[in-house]
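Shown here: start25.txt, compact mmCIF, C-alpha atoms.
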# COMPACT_ATOMS: atom_id res chain seq x y z
CA MET A 1 0.00 0.00 0.00
CA ASN A 2 1.37 3.36 -1.00
CA LYS A 3 0.77 5.95 1.72
CA VAL A 4 2.72 8.74 0.07
CA VAL A 5 0.52 11.28 -1.64
CA LYS A 6 1.97 13.65 -4.20
CA SER A 7 0.40 16.86 -3.01
CA VAL A 8 -1.48 18.47 -0.17
CA ARG A 9 -4.47 18.67 -2.53
CA GLU A 10 -4.46 14.88 -2.83
CA ALA A 11 -3.91 14.53 0.92
CA ILE A 12 -7.17 16.30 1.81
CA GLU A 13 -9.31 14.40 -0.70
CA GLY A 14 -12.48 13.21 0.98
CA ILE A 15 -12.73 15.95 3.59
CA LYS A 16 -16.29 17.19 3.16
CA ASP A 17 -18.74 19.66 4.67
CA ASN A 18 -19.78 18.97 8.28
CA MET A 19 -17.07 16.41 8.95
CA THR A 20 -15.17 16.16 12.23
CA VAL A 21 -11.45 16.84 11.81
CA MET A 22 -8.69 16.74 14.44
CA PHE A 23 -5.74 19.11 14.06
CA GLY A 24 -2.53 18.49 15.99
CA GLY A 25 -0.53 21.24 17.65
CA PHE A 26 -0.33 23.29 20.83
CA GLY A 27 -0.72 27.00 20.18
CA LEU A 28 1.07 27.40 16.85
CA CYS A 29 3.67 24.75 17.72
CA GLY A 30 3.45 21.56 15.68
CA ILE A 31 0.40 22.54 13.62
CA PRO A 32 -0.17 21.07 10.13
CA GLU A 33 0.39 24.33 8.26
CA ASN A 34 0.15 22.88 4.74
CA VAL A 35 -3.21 21.17 5.21
CA ILE A 36 -4.71 24.18 7.00
CA ARG A 37 -3.59 26.50 4.17
CA GLU A 38 -5.04 24.12 1.57
CA LEU A 39 -8.37 23.73 3.39
CA ALA A 40 -8.63 27.52 3.54
CA LYS A 41 -8.52 27.57 -0.29
CA THR A 42 -11.53 25.22 -0.53
CA LYS A 43 -15.24 25.85 -0.01
CA ILE A 44 -15.47 23.09 2.64
CA LYS A 45 -17.60 24.37 5.52
CA GLY A 46 -19.43 23.31 8.65
CA LEU A 47 -16.36 21.59 10.06
CA VAL A 48 -16.24 20.36 13.63
CA CYS A 49 -12.60 20.92 14.58
CA ILE A 50 -10.96 19.19 17.53
CA SER A 51 -7.77 21.03 18.40
CA ASN A 52 -6.27 22.17 21.70
CA ASN A 53 -6.34 25.78 20.44
CA CYS A 54 -7.73 27.64 17.45
CA GLY A 55 -4.69 29.44 16.09
CA VAL A 56 -4.42 33.22 16.11
CA ASP A 57 -6.26 35.81 14.01
CA ASP A 58 -4.00 35.52 11.01
CA PHE A 59 -2.39 32.09 11.32
CA GLY A 60 -3.17 28.43 11.85
CA LEU A 61 -6.83 27.52 12.29
CA GLY A 62 -7.52 31.27 12.33
CA PHE A 63 -7.52 30.98 8.51
CA LEU A 64 -10.47 28.56 8.57
CA LEU A 65 -12.22 30.60 11.22
CA ASN A 66 -11.97 33.79 9.18
CA ASN A 67 -13.53 31.97 6.21
CA HIS A 68 -16.41 30.73 8.40
CA GLN A 69 -15.48 27.12 7.59
CA ILE A 70 -15.68 26.00 11.22
CA ARG A 71 -19.10 25.30 12.78
CA LYS A 72 -17.86 23.99 16.08
CA MET A 73 -14.56 24.08 17.96
CA VAL A 74 -13.62 21.47 20.58
CA SER A 75 -10.63 22.83 22.54
CA SER A 76 -9.14 23.42 25.97
CA TYR A 77 -7.97 27.00 25.47
CA VAL A 78 -8.99 29.55 22.85
CA GLY A 79 -7.67 32.79 24.21
CA GLU A 80 -5.51 34.29 21.50
CA ASN A 81 -8.01 35.07 18.81
CA ALA A 82 -10.28 38.15 18.56
CA GLU A 83 -12.31 36.82 15.61
CA PHE A 84 -12.88 33.62 17.57
CA GLU A 85 -14.34 35.57 20.45
CA ARG A 86 -16.55 37.60 18.11
CA GLN A 87 -17.97 34.50 16.40
CA MET A 88 -18.47 32.74 19.73
CA LEU A 89 -20.31 35.67 21.32
CA SER A 90 -22.50 36.20 18.22
CA GLY A 91 -23.46 32.53 18.22
CA GLU A 92 -21.96 31.82 14.77
CA LEU A 93 -19.47 29.42 16.32
CA GLU A 94 -20.26 26.64 18.74
CA VAL A 95 -17.54 25.99 21.32
CA GLU A 96 -16.97 23.04 23.63
CA LEU A 97 -14.24 23.57 26.21
CA ILE A 98 -12.64 20.49 27.72
CA PRO A 99 -9.88 20.24 30.35
CA GLN A 100 -6.63 19.69 28.48
CA GLY A 101 -5.68 16.37 30.03
CA THR A 102 -9.20 15.04 29.57
CA LEU A 103 -9.14 16.18 25.94
CA ALA A 104 -5.82 14.41 25.38
CA GLU A 105 -7.04 11.22 27.04
CA ARG A 106 -10.40 11.25 25.20
CA ILE A 107 -8.46 11.36 21.93
CA ARG A 108 -6.04 8.66 23.07
CA ALA A 109 -8.98 6.50 24.18
CA GLY A 110 -10.63 7.03 20.80
CA GLY A 111 -7.57 5.68 19.07
CA ALA A 112 -7.08 2.90 21.59
CA GLY A 113 -10.60 1.48 21.41
CA ILE A 114 -11.61 2.53 24.94
CA PRO A 115 -15.15 3.98 24.73
CA ALA A 116 -15.11 5.78 28.10
CA PHE A 117 -13.13 6.21 31.31
CA PHE A 118 -13.21 8.05 34.64
CA VAL A 119 -11.07 11.08 35.55
CA PRO A 120 -11.17 13.48 38.51
CA ALA A 121 -10.66 16.67 36.44
CA GLY A 122 -13.72 18.89 36.36
CA TYR A 123 -15.64 17.18 39.15
CA GLY A 124 -17.63 19.80 41.07
CA THR A 125 -17.34 22.31 38.19
CA GLU A 126 -19.58 23.07 35.22
CA VAL A 127 -17.55 20.52 33.19
CA GLY A 128 -19.30 17.83 35.23
CA ASN A 129 -22.81 18.98 34.31
CA GLY A 130 -24.83 16.08 32.92
CA LYS A 131 -22.00 13.57 33.33
CA GLU A 132 -22.09 10.38 35.36
CA SER A 133 -19.87 10.59 38.44
CA ARG A 134 -18.51 7.85 40.65
CA GLU A 135 -16.22 7.52 43.65
CA PHE A 136 -12.98 5.58 43.35
CA ASN A 137 -10.43 5.40 46.18
CA GLY A 138 -12.32 8.03 48.13
CA LYS A 139 -12.25 10.58 45.31
CA MET A 140 -14.98 11.65 42.90
CA HIS A 141 -14.51 11.10 39.16
CA LEU A 142 -16.40 11.97 35.97
CA LEU A 143 -17.20 9.55 33.17
CA GLU A 144 -15.65 10.88 29.96
CA GLN A 145 -16.15 9.46 26.48
CA ALA A 146 -13.67 8.78 23.70
CA LEU A 147 -13.24 11.16 20.76
CA THR A 148 -12.61 10.08 17.19
CA ALA A 149 -12.70 11.97 13.90
CA ASP A 150 -13.41 11.45 10.20
CA PHE A 151 -9.94 12.81 9.54
CA ALA A 152 -6.98 13.54 11.79
CA VAL A 153 -4.33 15.91 10.47
CA VAL A 154 -0.94 15.82 12.15
CA LYS A 155 2.46 17.40 11.64
CA ALA A 156 5.75 15.62 12.31
CA TRP A 157 9.43 16.47 11.95
CA LYS A 158 10.43 13.28 10.16
CA GLY A 159 8.37 10.57 8.53
CA ASP A 160 8.97 7.60 6.28
CA THR A 161 7.05 5.99 3.46
CA ALA A 162 5.64 3.42 5.91
CA GLY A 163 3.97 6.25 7.83
CA ASN A 164 6.25 6.17 10.86
CA LEU A 165 6.60 9.58 12.51
CA ILE A 166 9.08 11.40 14.75
CA TYR A 167 8.32 14.76 16.36
CA LYS A 168 10.71 17.47 17.44
CA TYR A 169 10.80 18.88 21.00
CA THR A 170 7.36 20.05 22.17
CA ALA A 171 5.87 19.85 18.67
CA ASN A 172 4.62 16.36 19.55
CA ASN A 173 1.84 17.50 21.92
CA PHE A 174 -1.56 16.36 20.52
CA ASN A 175 -0.20 15.00 17.23
CA ASN A 176 0.70 11.54 18.53
CA MET A 177 -2.77 10.75 19.95
CA MET A 178 -4.66 12.38 17.11
CA ALA A 179 -2.80 10.21 14.62
CA MET A 180 -4.34 7.24 16.45
CA ALA A 181 -7.88 8.65 16.54
CA GLY A 182 -8.57 9.53 12.90
CA LYS A 183 -10.54 7.18 10.64
CA VAL A 184 -8.15 8.58 8.06
CA THR A 185 -4.95 10.18 9.34
CA ILE A 186 -3.01 12.61 7.19
CA ALA A 187 0.57 13.32 8.22
CA GLU A 188 2.58 16.20 6.84
CA VAL A 189 6.28 16.08 7.59
CA GLU A 190 9.31 18.29 7.18
CA GLU A 191 11.49 15.41 5.99
CA LEU A 192 10.12 12.36 4.19
CA VAL A 193 12.51 9.42 3.82
CA PRO A 194 12.24 5.87 2.42
CA ALA A 195 11.16 3.15 4.87
CA GLY A 196 14.21 1.83 6.67
CA GLU A 197 16.03 5.13 7.06
CA LEU A 198 14.49 6.11 10.41
CA ASP A 199 15.81 4.16 13.39
CA PRO A 200 12.83 2.00 14.46
CA ASN A 201 13.95 2.36 18.08
CA PHE A 202 13.03 6.04 18.02
CA ILE A 203 9.65 6.15 16.29
CA HIS A 204 6.97 8.13 18.17
CA THR A 205 3.93 7.24 16.04
CA PRO A 206 4.00 3.78 14.41
CA GLY A 207 3.01 3.78 10.74
CA VAL A 208 -0.14 1.70 11.29
CA PHE A 209 -1.93 4.87 12.43
CA VAL A 210 -1.09 6.90 9.32
CA GLN A 211 -2.94 6.46 6.00
CA ARG A 212 -1.54 9.39 4.00
CA ILE A 213 1.81 11.12 4.25
CA PHE A 214 3.48 13.92 2.32
CA LYS A 215 6.39 16.31 2.60
CA GLY A 216 5.15 19.74 3.57
CA VAL A 217 6.65 22.94 2.18
CA ASP A 218 7.16 26.55 3.23
CA TYR A 219 6.86 26.05 6.98
CA GLU A 220 6.56 29.43 8.61
CA LYS A 221 6.59 28.06 12.18
CA ARG A 222 5.36 31.29 13.59
CA ILE A 223 6.29 31.99 17.22
CA GLU A 224 3.42 33.16 19.40
CA GLN A 225 5.43 34.51 22.35
CA LEU A 226 9.04 35.18 21.52
CA THR A 227 10.63 35.32 24.98
CA LEU A 228 14.40 35.71 25.31
CA THR A 229 16.86 35.63 28.18
CA LYS A 230 17.59 39.19 29.16
CA MET B 1 4.64 46.28 53.17
CA ALA B 2 2.71 43.91 50.95
CA LEU B 3 4.89 41.56 48.92
CA ASP B 4 5.47 42.29 45.25
CA LYS B 5 5.15 39.55 42.63
CA ASN B 6 8.80 38.56 42.84
CA GLN B 7 8.66 38.30 46.62
CA ILE B 8 5.57 36.07 46.41
CA ALA B 9 7.46 33.88 43.92
CA LYS B 10 10.53 33.81 46.16
CA ARG B 11 8.51 32.77 49.21
CA ILE B 12 6.87 29.96 47.21
CA ALA B 13 10.24 28.80 45.87
CA SER B 14 11.33 28.15 49.47
CA GLU B 15 8.62 25.43 49.65
CA LEU B 16 10.36 23.33 46.99
CA LYS B 17 12.39 20.28 47.99
CA ASP B 18 15.32 18.59 46.35
CA GLY B 19 14.11 16.14 43.71
CA ASP B 20 10.64 17.68 43.28
CA TYR B 21 8.90 17.55 39.92
CA VAL B 22 7.08 20.88 39.64
CA ASN B 23 4.42 22.34 37.35
CA LEU B 24 4.31 26.14 37.25
CA GLY B 25 1.27 28.01 35.95
CA ILE B 26 1.22 31.25 34.01
CA GLY B 27 1.87 34.62 35.73
CA ILE B 28 3.47 34.83 39.18
CA PRO B 29 4.05 31.02 39.26
CA THR B 30 6.36 31.32 36.24
CA LEU B 31 8.55 33.68 38.28
CA VAL B 32 9.13 30.95 40.87
CA ALA B 33 11.69 29.42 38.48
CA ASN B 34 13.92 32.46 39.08
CA PHE B 35 14.17 31.80 42.82
CA ILE B 36 14.79 28.07 43.16
CA PRO B 37 17.40 27.68 45.93
CA GLU B 38 20.83 26.79 44.55
CA ASN B 39 21.36 23.84 46.88
CA ILE B 40 18.40 21.85 45.52
CA HIS B 41 17.57 20.37 42.14
CA VAL B 42 13.99 20.45 40.91
CA THR B 43 12.64 19.43 37.50
CA LEU B 44 10.09 21.71 35.85
CA GLN B 45 7.29 20.09 33.89
CA SER B 46 5.46 21.93 31.15
CA GLU B 47 2.12 20.29 30.37
CA ASN B 48 2.45 20.74 26.61
CA GLY B 49 4.95 17.90 26.78
CA MET B 50 8.32 18.30 28.47
CA LEU B 51 10.27 17.68 31.63
CA GLY B 52 13.40 19.64 32.36
CA MET B 53 12.47 23.12 31.20
CA GLY B 54 15.38 25.55 31.12
CA PRO B 55 15.64 29.34 30.89
CA PHE B 56 14.41 31.44 27.98
CA PRO B 57 16.64 31.13 24.90
CA THR B 58 18.86 33.70 23.22
CA MET B 59 18.09 34.88 19.69
CA GLU B 60 20.67 32.31 18.49
CA THR B 61 19.15 29.31 20.28
CA VAL B 62 15.43 30.08 19.84
CA ASP B 63 13.41 27.25 18.24
CA ALA B 64 9.72 27.50 17.31
CA ASP B 65 9.30 23.80 18.13
CA LEU B 66 10.33 24.34 21.75
CA ILE B 67 7.78 26.24 23.83
CA ASN B 68 6.20 26.09 27.29
CA ALA B 69 2.50 25.91 28.16
CA GLY B 70 2.33 29.71 28.03
CA LYS B 71 3.53 29.43 24.40
CA GLN B 72 6.79 31.19 25.30
CA THR B 73 10.02 30.09 23.67
CA ILE B 74 12.23 28.18 26.13
CA THR B 75 15.24 25.85 26.34
CA TYR B 76 15.80 22.38 27.76
CA LEU B 77 18.32 21.19 30.34
CA PRO B 78 20.45 18.02 30.48
CA GLY B 79 18.18 15.10 31.44
CA SER B 80 15.13 16.58 29.70
CA SER B 81 12.50 14.56 27.90
CA PHE B 82 9.70 15.35 25.46
CA PHE B 83 6.39 13.48 25.12
CA ASP B 84 2.80 13.80 23.93
CA SER B 85 -0.01 15.50 25.83
CA ALA B 86 -1.62 12.24 27.01
CA THR B 87 1.67 11.16 28.61
CA SER B 88 2.08 14.63 30.09
CA PHE B 89 -1.30 14.47 31.80
CA ALA B 90 -0.67 10.88 32.86
CA MET B 91 2.19 12.34 34.91
CA ILE B 92 -0.19 14.92 36.38
CA ARG B 93 -3.25 12.70 36.87
CA GLY B 94 -1.16 9.78 38.06
CA GLY B 95 0.31 11.80 40.92
CA HIS B 96 3.86 11.80 39.59
CA ILE B 97 4.14 15.59 39.77
CA ASP B 98 4.92 16.61 43.34
CA ILE B 99 3.73 20.17 43.38
CA THR B 100 1.57 22.48 41.28
CA ILE B 101 1.80 26.24 41.65
CA LEU B 102 -0.87 28.32 40.00
CA GLY B 103 -2.72 31.62 40.15
CA ALA B 104 -6.39 32.15 41.07
CA PHE B 105 -9.19 34.69 40.85
CA GLU B 106 -10.71 33.33 44.06
CA VAL B 107 -10.08 30.61 46.66
CA SER B 108 -12.65 29.43 49.20
CA GLU B 109 -12.01 28.38 52.78
CA LYS B 110 -12.80 24.79 51.68
CA GLY B 111 -9.95 24.89 49.18
CA ASP B 112 -12.13 25.42 46.11
CA ILE B 113 -10.46 27.45 43.39
CA ALA B 114 -11.86 29.66 40.61
CA SER B 115 -9.27 30.60 38.02
CA TRP B 116 -10.54 30.18 34.46
CA LYS B 117 -13.73 32.00 33.64
CA VAL B 118 -15.39 35.33 34.34
CA PRO B 119 -18.90 35.03 32.87
CA GLY B 120 -19.62 37.77 30.36
CA LYS B 121 -16.02 38.97 30.38
CA LEU B 122 -13.43 36.27 29.94
CA ILE B 123 -14.06 32.84 28.45
CA LYS B 124 -10.77 31.54 27.17
CA GLY B 125 -10.88 28.01 28.46
CA MET B 126 -9.43 26.10 31.36
CA GLY B 127 -6.39 24.71 29.55
CA GLY B 128 -4.75 22.22 31.89
CA ALA B 129 -5.77 23.91 35.15
CA MET B 130 -8.69 21.58 35.97
CA ASP B 131 -6.54 18.48 35.43
CA LEU B 132 -3.75 19.95 37.55
CA VAL B 133 -5.86 20.97 40.53
CA ALA B 134 -7.81 17.69 40.51
CA SER B 135 -4.71 15.53 40.78
CA ALA B 136 -1.64 17.30 42.16
CA LYS B 137 -0.37 16.02 45.50
CA ASN B 138 0.30 19.56 46.67
CA ILE B 139 -1.23 22.74 45.30
CA ILE B 140 0.04 26.19 46.21
CA VAL B 141 -1.82 29.24 44.95
CA ALA B 142 0.01 32.49 44.24
CA MET B 143 -2.41 35.40 44.29
CA GLN B 144 -3.25 38.91 45.38
CA HIS B 145 -5.24 38.91 48.61
CA THR B 146 -7.76 41.44 47.26
CA ASN B 147 -8.90 42.61 43.84
CA LYS B 148 -8.35 46.09 42.40
CA GLU B 149 -11.48 47.33 44.19
CA GLY B 150 -10.07 46.08 47.49
CA GLN B 151 -12.52 43.17 47.79
CA SER B 152 -11.28 39.93 49.28
CA LYS B 153 -10.37 37.02 46.98
CA LEU B 154 -10.14 34.61 49.93
CA LEU B 155 -13.80 33.81 50.39
CA ARG B 156 -16.25 31.63 52.29
CA LYS B 157 -17.51 30.45 48.92
CA CYS B 158 -16.24 31.24 45.44
CA THR B 159 -18.53 33.42 43.31
CA LEU B 160 -16.95 32.58 39.93
CA PRO B 161 -17.16 29.25 38.07
CA LEU B 162 -14.90 26.71 39.76
CA THR B 163 -11.74 25.11 38.44
CA GLY B 164 -11.70 22.47 41.18
CA VAL B 165 -13.05 21.66 44.63
CA ASN B 166 -11.30 20.96 47.96
CA CYS B 167 -7.87 21.01 46.41
CA VAL B 168 -5.84 24.09 47.43
CA LYS B 169 -3.47 23.34 50.30
CA ARG B 170 -1.61 26.60 50.74
CA ILE B 171 -1.91 30.21 49.60
CA VAL B 172 0.90 32.73 49.32
CA SER B 173 -0.62 36.16 48.81
CA ASP B 174 0.87 39.64 48.85
CA LEU B 175 -0.19 39.86 52.52
CA ALA B 176 0.26 36.42 54.03
CA VAL B 177 0.94 32.69 53.90
CA LEU B 178 -2.17 30.68 54.78
CA ASP B 179 -3.03 26.98 54.89
CA VAL B 180 -6.45 25.70 53.94
CA THR B 181 -7.68 23.61 56.88
CA GLU B 182 -10.96 21.94 57.76
CA LYS B 183 -11.90 24.99 59.82
CA GLY B 184 -10.85 27.68 57.36
CA PHE B 185 -7.82 29.72 56.32
CA LYS B 186 -5.12 29.26 58.94
CA LEU B 187 -2.72 32.17 59.04
CA LYS B 188 0.89 30.96 59.07
CA GLU B 189 3.00 34.00 58.22
CA ARG B 190 2.43 37.65 57.40
CA ALA B 191 4.25 39.93 55.01
CA PRO B 192 6.83 42.15 56.74
CA GLY B 193 5.09 45.10 58.38
CA VAL B 194 1.57 43.87 57.56
CA THR B 195 -0.67 43.76 60.64
CA LEU B 196 -3.13 41.07 61.67
CA GLU B 197 -5.87 43.67 61.33
CA GLN B 198 -4.97 44.28 57.68
CA ILE B 199 -5.14 40.55 56.98
CA LYS B 200 -8.45 40.17 58.83
CA THR B 201 -9.96 43.03 56.85
CA ALA B 202 -8.73 41.56 53.57
CA THR B 203 -10.02 38.03 54.26
CA GLU B 204 -13.75 37.41 53.82
CA GLY B 205 -13.54 33.66 54.57
CA THR B 206 -13.01 32.21 58.04
CA LEU B 207 -9.56 33.21 59.28
CA ILE B 208 -7.87 31.25 62.04
CA ILE B 209 -5.15 33.01 64.00
CA GLU B 210 -3.42 30.98 66.67
CA GLY B 211 -0.41 32.15 68.65
CA ASP B 212 2.22 34.51 67.31
CA ILE B 213 2.24 34.92 63.56
CA PRO B 214 5.82 35.42 62.35
CA GLU B 215 6.80 37.68 59.47
CA ILE B 216 7.79 36.03 56.20
CA LYS B 217 11.55 35.58 56.05
CA PHE B 218 13.52 35.48 52.81
Can the structure from this file be put into structure tokens for me?
Amino acid sequence: MNKVVKSVREAIEGIKDNMTVMFGGFGLCGIPENVIRELAKTKIKGLVCISNNCGVDDFGLGFLLNNHQIRKMVSSYVGENAEFERQMLSGELEVELIPQGTLAERIRAGGAGIPAFFVPAGYGTEVGNGKESREFNGKMHLLEQALTADFAVVKAWKGDTAGNLIYKYTANNFNNMMAMAGKVTIAEVEELVPAGELDPNFIHTPGVFVQRIFKGVDYEKRIEQLTLTK
Amino acid sequence: MALDKNQIAKRIASELKDGDYVNLGIGIPTLVANFIPENIHVTLQSENGMLGMGPFPTMETVDADLINAGKQTITYLPGSSFFDSATSFAMIRGGHIDITILGAFEVSEKGDIASWKVPGKLIKGMGGAMDLVASAKNIIVAMQHTNKEGQSKLLRKCTLPLTGVNCVKRIVSDLAVLDVTEKGFKLKERAPGVTLEQIKTATEGTLIIEGDIPEIKF
């Protein structure tokens, strides 16, 4: 099976209106820039996007937001985006906020075939509204359900033609679990090498989770908060 | 004199023990890293996926793929590791992180904390705060004792949406160090020159004062 697709256009084939799509990344770190740019050129709309954040006004998922291509955002933190706030307050955009660790685990569970699990995060807060709760070891927990998606889009540093992926530094974040949780997972990578060239001892995401892979181009890797030692 | 932000951070840093794995929140908690005593070694966790966070980089060493949970560029120290978000929160939820230091809008005398949402004003999301407060073995809150209007932020009951319940163990404010006990806020130390009366006035929740209350020493 050939997982390598020739272009980003080919990579996003099959993404349609109203689908659920996961996007890897934390802030602007480790986001699939090529796929986001390409989706912004299409007329695809009504997307339910699962992503820890929603980019900034003029970068990342902010592109899709500005085009009104996103119907609902599932995130843990959405603070850096004025257009986001406007659409949320006007009711154009539906938003579901989930504690970050619960979001990560719901995605992992989705990929791992675990339909639901209990966590303590959010018990006693509005996150617990309508959820089953139960005591374990003297502590209250909430029942949380797995998340999956029609497509998961991830970004890695290195990948091979078998779909194996390696991330750099903190650009791993949500990418590794999302790769597991997509019915179809698209990986864009900075370096694409033939199978056998990456040391199998150091693979983060095994190729079984990846259906399509391509070498991305023109990575801007914008920095959200450039902070330097004084 | 009330403590400034750096003094709050310095007082909290004195709570850290050799070998601790520590998660620092955004704001005053981030400053704690500047005051870790030289004779101990602690490892800083950043919930976006690293252990062993180092200082901010120089223009030469900056890398967009290396950031902390506040999305600031950072560096890593010898012995560091990087991992995905599920592993990161397994460390937090599984009780492997010894101490969490974070800010708050309000804390109640039961140890409830409100830190993520001001209805009608600020709805940015809870990020990792709910996971952290629900699972950390020890939670210290760094905060101002009162808001800009002079109203107490140490309350009988929080008025804002909660981040977690019965979880805060200790508070270091600009006025005092207090422990959350079954009976209320127990005053442990006061900022140099701050009187008991000032602290009483600034604390709406139940305040317990027993014996002499020493001044905070640095």
### Task
Do me a favour and pick out the residues of chain A within 8 Å of chain B, using all atoms listed in the file, as a ChimeraX atom specification.
/A:26-27,29-30,75-79,97-102,104-105,108,120-126,168-177,221-229
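Of the listed residues (B:Val118, B:Ala176, B:Leu24, B:Val32), B:Leu24 comes nearest to Leu51 of chain B; the distances count all atoms listed in the file.
Using all atoms listed in the file, the residues found no farther than 9 Å from Val22 of chain B, other than those of its own chain fewer than 6 positions away, are Leu16, Val42, Thr43, Leu44, Gln45, Ser46, Ile97, Asp98, Ile99, Thr100 and Ile101 of chain B.
The smallest atom-to-atom distance between Leu31 of chain B and any of B:Leu3, B:Met91, B:Ala142, B:Leu207, using all atoms listed in the file, is found for B:Ala142.
Going from atom CA of Glu210 of chain B over to atom CA of Lys110 of chain B, you cover 18.7 Å.
In this structure, atom CA of Arg156 of chain B sits 6.5 Å away from atom CA of Glu204 of chain B.
The two atoms in question, atom CA of Val56 of chain A and atom CA of Lys16 of chain A, are spaced 23.8 Å apart.
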### Message
So that I can see what lies close to segment 110-115 of chain A, please list as number ranges by chain the residues with an atom at most 10 Å from it, counting all atoms listed in the file and leaving out residues fewer than 6 positions away in the same chain.
### Response
A: 104, 144-149, 177-183, 209
#### Entry: Near-segment 182-185 of chain B list (12 Å; all atoms listed in the file; drop same-chain fewer than 4 positions) as a ChimeraX atom specification
/B:107-112,154-157,166-172,176-178,189,199-200,203-210
### Task
Would you mind listing what lies within 12 Å of Asp58 of chain A as a ChimeraX atom specification, with all atoms listed in the file counted and same-chain residues fewer than 6 positions away left out?
/A:28,37,40,64-67,80-84,222,224
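Residue nearest Leu89 of chain A within the list B:Ala136, B:Val141, B:Asn6, B:Lys121: B:Lys121 [criterion: smallest interatomic distance, only C-alpha atoms].
Counting all atoms listed in the file, the residue from B:Ser115, B:Gln198, B:Asn138, B:Ser173 that sits nearest to Cys158 of chain B is B:Ser115.
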### Task
Extract, using all atoms listed in the file, all DNA, RNA and protein residues at most 6 Å from Ala2 of chain B, discarding same-chain residues fewer than 2 positions from it, and format them as a PyMOL selection string.
chain B and resi 174-175+191
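Using all atoms listed in the file for every distance, the candidate list B:Thr195, B:Asn23, B:Thr201, B:Gln7 yields B:Asn23 as the residue closest to Lys137 of chain B.
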How would segment 136-140 of chain B read, as a CSV table (one decimal), keeping the file's coordinate frame, once all heavy atoms are built in?
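Result file is selection-v7.csv:
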chain,number,residue,atom,x,y,z
B,136,ALA,N,-3.0,17.1,41.6
B,136,ALA,CA,-1.6,17.3,42.2
B,136,ALA,C,-1.6,16.9,43.6
B,136,ALA,O,-2.6,17.0,44.3
B,136,ALA,CB,-1.2,18.8,42.0
B,137,LYS,N,-0.5,16.4,44.1
B,137,LYS,CA,-0.4,16.0,45.5
B,137,LYS,C,-0.4,17.3,46.4
B,137,LYS,O,-0.9,17.2,47.5
B,137,LYS,CB,0.9,15.2,45.7
B,137,LYS,CG,0.8,13.8,45.2
B,137,LYS,CD,2.1,13.0,45.5
B,137,LYS,CE,3.1,13.2,44.4
B,137,LYS,NZ,4.3,12.3,44.6
B,138,ASN,N,0.2,18.3,45.9
B,138,ASN,CA,0.3,19.6,46.7
B,138,ASN,C,0.0,20.7,45.8
B,138,ASN,O,0.7,20.8,44.7
B,138,ASN,CB,1.7,19.7,47.3
B,138,ASN,CG,1.8,20.8,48.3
B,138,ASN,OD1,0.8,21.4,48.7
B,138,ASN,ND2,3.0,21.0,48.8
B,139,ILE,N,-0.9,21.6,46.1
B,139,ILE,CA,-1.2,22.7,45.3
B,139,ILE,C,-1.0,24.0,46.1
B,139,ILE,O,-1.6,24.2,47.2
B,139,ILE,CB,-2.7,22.7,44.8
B,139,ILE,CG1,-2.9,21.4,44.0
B,139,ILE,CG2,-3.1,23.9,44.1
B,139,ILE,CD1,-4.3,21.2,43.7
B,140,ILE,N,-0.2,24.9,45.6
B,140,ILE,CA,0.0,26.2,46.2
B,140,ILE,C,-0.5,27.2,45.2
B,140,ILE,O,-0.2,27.2,44.0
B,140,ILE,CB,1.5,26.5,46.5
B,140,ILE,CG1,2.1,25.4,47.5
B,140,ILE,CG2,1.7,27.9,47.1
B,140,ILE,CD1,3.5,25.6,47.8
